[in-house]
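> Have a look at this one before I ask anything.
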Amino acid sequence: MDAVLKKVQELALLHDKLDPKTIKEKNIKLGLRNEDGTGVFVGITSKGQVIGYEKVDRGDGIEKVNPVPGKLYYCGYDVDDLVCEKEREGRFGYEETVYLLLTGELPDKHDMKAFSQLLDRKRSLPAEVKQMILSRPPHDDQMGALHTIVSSMHVFDKHPNSTDMNDVTRQCIDLIAKFPTIISYNYIATTMEKKSLAKLKDPLPNLSTAENFLYLLSGKMPDKATAELFDTMLIFHAEHGGGNNSTFSTRCVSSSGANTYMAICAGIGSLSGHLHGGANEAVIRMMKDIKAKVKDWEDDNELACYLELILDKKTGDKSGKIYGLGHAVYTVSDPRAVFLEAKAGDLAHAAGREKEFELYKRIARLAPSIVKTKKGKVVCTNVDFYSGFVYRCMGIPRELFTPIFAMARVAGWAAHRIEEIIQGRIIRPSYVTSLKGKKNYIALAKR
């Protein structure tokens, strides 16, 4: 069997490698990206807009890409404004963000109360689902566990395959409400020595999404400052345009007419990849390596030399990547990372991690110029650079970093699913063949 597997692998490597010459000749947009690094337009959305550069005509008919400070908009509203206003009013804002993404409009007080109460009623899981969570074999794959439970939720739906807007909207809101409960229960189940339904606490009424998740995870009410910052993290991760891999996956599956559960599972599957949702975990691993090998964290020269070694693939995981640095769209700055750097100081102080936080900020200051010098690219720290650190200060285990991303982003997935069904055209791009022509079949006996 091993010999067969080895041969399959060798033949795949032989035939599936890309010829750079063919890519250029055929003008193939690998990764749906243009030659200048910008994304290929494949659709229209009103949900999220990500701005990190502007295209300017050079005067010869060719557009030049100019880096600009990053901006993130939800349905036309600056996310910075959403966060600043909810902080000014001393309230939680993720529920408002979900409503905005689903409807395209900000709720008034009456709608906000009714929508929050609707989410409140839908947070609990059927007893059968709780038992399913407890019955799973021992594992630490939290994204796999989330995928399994979400895919099974169709069993409890009387109209699981309906694409009628009444059913789709109901299903989407139901999953948004239940994601925090599913994710917390999945993790708690892995920590139990003896599995017991009694240890899975029910969500409490009249709490925000952020408060309820932190309560379910720890069994006690979180302090207000922690819950409010966690709420902000959910807002920042709720949506990021239709082109991010998990949202595009959700839209692609939705466009085929697949049901809501399959479409959302496509987003979960995509987000589980280390190049998407796993980036914040990669940052934690990288920082552990830096802290172990850089003797003086406050020495800019020593730290810069080590960052250069990372880029040269001579240390770390030898991928050549400074994790948490760079983004598909953002260039000069990621507005989410800017906010977290400004806010995380107080959290770091409370957790006794001030020195570690200063190391993060030092890397954020040094790394972009090193990349610019070595690679000629304008890059910035992204939200993943700080999010894992923030979660660790809150006492949240590393295994939950990506599931929390999913817990927030399901709002965006749901909004894009609804939009894709309304627009109603299956996504079907083309691929150019890498073969030179027809091959003549040879009978098995003669091979």
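Note on naming: chains are A, B, ... as they come in the structure tokens, residues start from 1 per chain, ligands start from 1 in the order shown.
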Pick out the residues sitting within 7 Å of Glu239 of chain A, and hand them over as a VMD selection string; count only C-alpha atoms, and ignore anything fewer than 3 positions along from it in its own chain.
chain A and resid 48 409 412
> Identify which of the residues A:Ile290, A:Leu18, A:Leu102, A:Val432 lies closest to Ile418 of chain A, counting only C-alpha atoms when measuring atom-to-atom distances.
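For Ile418 of chain A, the nearest of the candidates is A:Leu102.
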> List every residue of segment 375-438 of chain A that has an atom at most 12 Å from any atom of segment 31-43 of chain A, and for each one report the closest atom pair and its distance in Å to one decimal, counting only C-alpha atoms, with rows sorted by chain and then by increasing residue number, as a tab-separated table.

```
residue	atom	partner	partner_atom	distance
A:Lys377	CA	A:Gly37	CA	10.7
A:Val378	CA	A:Gly37	CA	11.7
A:His416	CA	A:Gly43	CA	11.2
A:Glu419	CA	A:Gly43	CA	10.9
A:Glu420	CA	A:Gly43	CA	9.5
A:Gln423	CA	A:Gly43	CA	9.8
A:Gly424	CA	A:Gly43	CA	11.6
A:Arg425	CA	A:Gly43	CA	10.4
A:Ile426	CA	A:Gly43	CA	11.3
A:Ile427	CA	A:Val42	CA	8.9
A:Arg428	CA	A:Val42	CA	10.4
A:Pro429	CA	A:Val42	CA	9.2
A:Ser430	CA	A:Leu32	CA	11.3
A:Tyr431	CA	A:Leu32	CA	11.4
```
> Which residue, A:Lys288, A:Lys122, A:Lys224, A:His240, has the smallest gap to Ala210 of chain A when you use only C-alpha atoms?
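Answer, going by the shortest atom-to-atom distance: A:Lys224.
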> Would you please give, as a count of residues only, all residues of segment 31-141 of chain A that DSSP assigns to strand (DSSP E or B) based on the backbone?
26
> What lies within 8 Å of Asn245 of chain A using only C-alpha atoms, ignoring chain neighbours under 2 positions off, as a VMD selection string?
chain A and resid 243 247 to 249 267 270 to 271 276
> Kindly assemble as JSON lines a list of the segment 340-399 of chain A residues that lie within 12 Å of segment 65-72 of chain A, each paired with its nearest atom pair and their distance in Å to one decimal, using only C-alpha atoms, sorted first by chain and then by ascending residue number.

```
{"residue": "A:Lys377", "atom": "CA", "partner": "A:Pro67", "partner_atom": "CA", "distance": 10.0}
{"residue": "A:Val378", "atom": "CA", "partner": "A:Pro67", "partner_atom": "CA", "distance": 7.3}
{"residue": "A:Val379", "atom": "CA", "partner": "A:Pro67", "partner_atom": "CA", "distance": 9.1}
{"residue": "A:Cys380", "atom": "CA", "partner": "A:Gly70", "partner_atom": "CA", "distance": 9.7}
{"residue": "A:Thr381", "atom": "CA", "partner": "A:Gly70", "partner_atom": "CA", "distance": 11.1}
{"residue": "A:Asn382", "atom": "CA", "partner": "A:Gly70", "partner_atom": "CA", "distance": 10.2}
{"residue": "A:Val383", "atom": "CA", "partner": "A:Gly70", "partner_atom": "CA", "distance": 11.7}
```
> Could you write out the selected residues, including N, CA and C atoms, as a compact mmCIF listing (two decimals), in the first residue's frame?

```txt
# COMPACT_ATOMS: atom_id res chain seq x y z
N LYS A 377 8.16 45.60 -0.82
CA LYS A 377 6.72 45.61 -0.62
C LYS A 377 6.33 46.49 0.57
N VAL A 378 5.21 47.20 0.41
CA VAL A 378 4.65 47.97 1.53
C VAL A 378 3.70 47.06 2.29
N VAL A 379 4.03 46.76 3.54
CA VAL A 379 3.19 45.87 4.35
C VAL A 379 2.98 46.48 5.73
N CYS A 380 1.99 45.96 6.43
CA CYS A 380 1.68 46.43 7.78
C CYS A 380 1.31 45.23 8.63
N THR A 381 1.28 45.43 9.94
CA THR A 381 0.75 44.38 10.80
C THR A 381 -0.75 44.29 10.57
N ASN A 382 -1.28 43.06 10.60
CA ASN A 382 -2.72 42.86 10.43
C ASN A 382 -3.36 42.47 11.75
N VAL A 383 -4.66 42.30 11.74
CA VAL A 383 -5.40 42.04 12.99
C VAL A 383 -4.91 40.77 13.68
```
> Need the shell around segment 293-303 of chain A: protein/DNA/RNA residues with any atom at most 9 Å away, counting only C-alpha atoms. Skip same-chain ones fewer than 5 positions apart. Format as a PyMOL selection string?
chain A and resi 288+308+355-356+358-359+362-363+366
> Determine, counting only C-alpha atoms, which protein, DNA and RNA residues have an atom within 7 Å of an atom of Pro203 of chain A; residues of the same chain fewer than 3 positions away are not included. Present the result as a PyMOL selection string.
chain A and resi 123-124+212+216
> For Trp413 of chain A, which of A:Tyr185, A:Tyr323, A:Tyr261, A:Phe389 is the closest residue, counting only C-alpha atoms?
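The closest residue to Trp413 of chain A is A:Tyr261.
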> Determine, counting only C-alpha atoms, which protein, DNA and RNA residues have an atom within 8 Å of an atom of Glu341 of chain A; residues of the same chain fewer than 3 positions away are not included. Present the result as an NGL selection string.
:A and (337-338 or 344-345 or 361 or 386)
> I need the chosen residues saved as a compact mmCIF listing (two decimals), in the first residue's frame, with C-alpha atoms.

```txt
# COMPACT_ATOMS: atom_id res chain seq x y z
CA ALA A 337 -4.63 46.24 14.20
CA VAL A 338 -4.29 49.98 14.85
CA ALA A 344 -4.25 46.11 24.30
CA GLY A 345 -1.89 47.96 26.62
CA LYS A 361 4.96 46.72 19.30
CA TYR A 386 -2.44 41.20 17.98
```
> Write down as a ChimeraX atom specification the residues belonging to segment 240-380 of chain A that are assigned alpha helix (DSSP H) by DSSP computed on the backbone.
/A:245-255,260-271,279-293,300-311,335-350,354-375
> Need to verify the contact set: segment 168-179 of chain A, 8 Å, only C-alpha atoms, exclusion of same-chain residues closer than 4 positions in sequence. Can you return it as a PyMOL selection string?
chain A and resi 119-120+122-125+150+162-164+183+209+260+407+410-411+414+418
> Using only C-alpha atoms, which of the listed residues (A:Ile422, A:Gly59, A:Pro160, A:Thr45) sits closest to Gly104 of chain A?
A:Thr45
